[in-house]
Amino acid sequence: MQGIASLLDDASAQDVHRLWAELERTYGLREAARSVPYPHVSYHLAEDYNLARIGALMRHVARQIAPFTICVTGLGAFTAHEPVLYLAVERSAELNALHETIWRALADEPGAARTSSPLYESASWIPHVTLAQRDLTSGALDSLLSTWSSRDFRREAHVHDLALLYQRPGEEAYAPLERVKLSGPPYGSPQQRL
């Protein structure tokens, strides 16, 4: 799967890198940090994107949305398929607007994405920053949630770009293939076109 995401600002990314290092040192968990070594919030995942069209689509979206701040509210976990430990991100009006604008632009551009993940559709999307997955067991997740439950993970992070996180054939890690700065009018202004 490939994805459209926002990379975290430098200070927030450094905080996540410290957590990844702690997870590897203390629990031997390293797959999340190795497979996508860029702390991010994902808006859309697909089996593949039409690379000739997705850059223009991302630039179009970026011109509609201004940079904004998100709130990390604490730890969370997905347990349905494979365990995932993450930092939960509050669904604000600005974050929802960016997510909806991306999905609307993809719907208006048939063939830009192939086999979109339903987990990222508006009704089921849970914005988050992944801390551990793939090598995380249910037992390790329970231990982590218990051990880290008293820690304060709340913080603000800045959303200032869109990135296409892409895994090139033969490469192990995902990397930003395309990256564009958000440059639209402030949320709620008359100039904003949503």
# chains A, B, ... in the order shown; residues from 1 in each chain; ligands from 1
>>> closest_atom_pairs(of="region 80-193 of chain A", to="region 20-23 of chain A", cutoff="10 Å", atoms="only C-alpha atoms", output="tab-separated table")
residue	atom	partner	partner_atom	distance
A:Thr130	CA	A:Trp20	CA	9.6
A:Leu131	CA	A:Trp20	CA	6.4
A:Ala132	CA	A:Trp20	CA	7.8
A:Leu144	CA	A:Leu23	CA	9.1
>>> closest_residue(among="A:Arg34, A:Arg114, A:Arg179, A:His81", to="Tyr49 (chain A)", atoms="only C-alpha atoms")
A:Arg114
>>> closest_atom_pairs(of="region 30-119 of chain A", to="region 149-168 of chain A", cutoff="12 Å", atoms="only C-alpha atoms", output="tab-separated table")
residue	atom	partner	partner_atom	distance
A:Ser35	CA	A:Gln167	CA	9.1
A:Val36	CA	A:Leu165	CA	8.2
A:Pro37	CA	A:Leu165	CA	10.3
A:Tyr38	CA	A:Leu165	CA	8.9
A:Pro39	CA	A:Leu165	CA	10.9
A:His40	CA	A:Ala163	CA	9.1
A:Val41	CA	A:Val159	CA	9.0
A:Ser42	CA	A:Leu165	CA	9.1
A:Tyr43	CA	A:Leu162	CA	9.5
A:His44	CA	A:Leu164	CA	9.7
A:Leu45	CA	A:Leu165	CA	9.3
A:Ala46	CA	A:Tyr166	CA	10.3
A:Glu47	CA	A:Tyr166	CA	10.3
A:Asp48	CA	A:Tyr166	CA	8.7
A:Tyr49	CA	A:Tyr166	CA	9.1
A:Asn50	CA	A:Leu164	CA	11.3
A:Leu51	CA	A:Leu164	CA	9.7
A:Arg53	CA	A:Leu164	CA	12.0
A:Ile54	CA	A:Leu164	CA	8.4
A:Gly55	CA	A:Leu164	CA	8.3
A:Ala56	CA	A:Leu164	CA	11.7
A:Leu57	CA	A:Leu162	CA	10.7
A:Met58	CA	A:Leu162	CA	6.9
A:Arg59	CA	A:Leu162	CA	8.5
A:His60	CA	A:Leu162	CA	10.8
A:Val61	CA	A:Leu162	CA	8.7
A:Ala62	CA	A:Leu162	CA	7.0
A:Arg63	CA	A:Asp161	CA	10.5
A:Gln64	CA	A:Asp161	CA	11.8
A:Ile65	CA	A:His160	CA	9.2
A:Ala66	CA	A:His160	CA	7.6
A:Pro67	CA	A:His160	CA	4.5
A:Phe68	CA	A:Val159	CA	5.4
A:Thr69	CA	A:His158	CA	4.5
A:Ile70	CA	A:Ala157	CA	5.3
A:Cys71	CA	A:Glu156	CA	4.6
A:Val72	CA	A:Arg154	CA	5.1
A:Thr73	CA	A:Arg154	CA	4.7
A:Gly74	CA	A:Phe153	CA	4.9
A:Leu75	CA	A:Phe153	CA	7.0
A:Gly76	CA	A:Ser149	CA	10.1
A:Tyr86	CA	A:Phe153	CA	10.6
A:Leu87	CA	A:Phe153	CA	7.6
A:Ala88	CA	A:Arg154	CA	9.1
A:Val89	CA	A:Arg154	CA	9.3
A:Glu90	CA	A:Glu156	CA	10.2
A:Glu94	CA	A:Val159	CA	9.9
A:Leu95	CA	A:Val159	CA	8.8
A:Leu98	CA	A:Leu162	CA	9.7
A:His99	CA	A:Leu162	CA	10.8
A:Thr101	CA	A:Leu162	CA	12.0
A:Ile102	CA	A:Leu162	CA	9.9
A:Ala113	CA	A:Leu164	CA	11.7
>>> write_last_selection(atoms="C-alpha atoms", output="CSV table (one decimal), in the first residue's frame")
chain,number,residue,atom,x,y,z
A,35,SER,CA,9.3,0.5,7.1
A,36,VAL,CA,8.1,4.1,7.2
A,37,PRO,CA,10.9,6.1,8.9
A,38,TYR,CA,9.0,9.4,8.6
A,39,PRO,CA,6.5,10.2,11.4
A,40,HIS,CA,3.3,11.1,9.7
A,41,VAL,CA,-0.5,11.2,9.7
A,42,SER,CA,-2.1,9.3,6.8
A,43,TYR,CA,-5.3,10.4,5.0
A,44,HIS,CA,-5.6,7.9,2.2
A,45,LEU,CA,-4.0,4.5,1.4
A,46,ALA,CA,-4.2,2.7,-1.9
A,47,GLU,CA,-2.7,-0.3,-3.5
A,48,ASP,CA,-1.1,2.1,-6.0
A,49,TYR,CA,-1.4,5.6,-7.4
A,50,ASN,CA,-1.1,6.9,-11.0
A,51,LEU,CA,2.1,8.8,-10.6
A,53,ARG,CA,-1.7,12.3,-12.0
A,54,ILE,CA,-1.3,12.2,-8.3
A,55,GLY,CA,1.3,15.0,-8.1
A,56,ALA,CA,-1.1,17.5,-9.8
A,57,LEU,CA,-3.9,16.3,-7.5
A,58,MET,CA,-1.8,16.9,-4.4
A,59,ARG,CA,-0.8,20.3,-5.6
A,60,HIS,CA,-4.5,21.2,-6.2
A,61,VAL,CA,-5.4,20.1,-2.7
A,62,ALA,CA,-2.5,21.9,-1.1
A,63,ARG,CA,-3.6,25.2,-2.7
A,64,GLN,CA,-7.0,24.9,-0.9
A,65,ILE,CA,-5.7,24.2,2.7
A,66,ALA,CA,-3.6,26.4,4.9
A,67,PRO,CA,-1.1,24.9,7.4
A,68,PHE,CA,-2.7,24.2,10.8
A,69,THR,CA,-2.0,22.6,14.2
A,70,ILE,CA,-3.1,19.2,15.3
A,71,CYS,CA,-3.4,17.8,18.9
A,72,VAL,CA,-1.9,14.5,19.9
A,73,THR,CA,-4.1,13.3,22.7
A,74,GLY,CA,-2.4,10.2,24.0
A,75,LEU,CA,-1.8,6.5,23.2
A,76,GLY,CA,-4.2,4.3,21.3
A,86,TYR,CA,-0.1,4.7,18.0
A,87,LEU,CA,-0.3,8.3,19.1
A,88,ALA,CA,-4.0,9.4,18.8
A,89,VAL,CA,-4.7,12.6,16.9
A,90,GLU,CA,-7.8,14.6,17.6
A,94,GLU,CA,-9.1,21.6,9.9
A,95,LEU,CA,-7.9,18.0,9.8
A,98,LEU,CA,-8.0,18.3,4.6
A,99,HIS,CA,-9.0,14.6,4.7
A,101,THR,CA,-10.6,17.6,0.3
A,102,ILE,CA,-8.2,14.7,-0.5
A,113,ALA,CA,-5.7,5.7,-7.1
>>> select_by_dssp(residues="region 55-163 of chain A", states="strand (DSSP E or B)", output="PyMOL selection string")
chain A and resi 68-78+84-89+113-116+128-133+155-159+161-163
>>> select_by_dssp(residues="region 29-115 of chain A", states="alpha helix (DSSP H)", output="JSON, numbers by chain")
{"A": [31, 32, 33, 34, 35, 51, 52, 53, 54, 55, 56, 57, 58, 59, 60, 61, 62, 93, 94, 95, 96, 97, 98, 99, 100, 101, 102, 103, 104, 105, 106, 107]}
>>> write_last_selection(atoms="C-alpha atoms", output="compact mmCIF listing (two decimals), in the first residue's frame")
# COMPACT_ATOMS: atom_id res chain seq x y z
CA GLU A 31 9.46 -2.56 12.12
CA ALA A 32 7.28 0.58 12.14
CA ALA A 33 10.34 2.83 12.24
CA ARG A 34 12.13 0.83 9.56
CA SER A 35 9.27 0.46 7.09
CA LEU A 51 2.14 8.77 -10.60
CA ALA A 52 1.46 10.90 -13.69
CA ARG A 53 -1.70 12.30 -12.04
CA ILE A 54 -1.25 12.18 -8.27
CA GLY A 55 1.28 15.04 -8.06
CA ALA A 56 -1.08 17.49 -9.76
CA LEU A 57 -3.93 16.31 -7.54
CA MET A 58 -1.84 16.86 -4.40
CA ARG A 59 -0.80 20.35 -5.55
CA HIS A 60 -4.47 21.17 -6.22
CA VAL A 61 -5.44 20.08 -2.69
CA ALA A 62 -2.47 21.89 -1.11
CA ALA A 93 -12.34 20.77 11.76
CA GLU A 94 -9.11 21.61 9.88
CA LEU A 95 -7.94 17.99 9.84
CA ASN A 96 -11.35 16.80 8.65
CA ALA A 97 -11.35 19.47 5.92
CA LEU A 98 -7.98 18.30 4.60
CA HIS A 99 -9.04 14.65 4.70
CA GLU A 100 -12.33 15.37 2.91
CA THR A 101 -10.63 17.56 0.29
CA ILE A 102 -8.18 14.75 -0.54
CA TRP A 103 -10.94 12.14 -0.85
CA ARG A 104 -13.14 14.47 -2.93
CA ALA A 105 -10.24 15.25 -5.27
CA LEU A 106 -9.53 11.53 -5.71
CA ALA A 107 -13.22 10.86 -6.42
>>> atom_distance(atom1="CA of Ala5 (chain A)", atom2="CA of Pro127 (chain A)")
10.3 Å
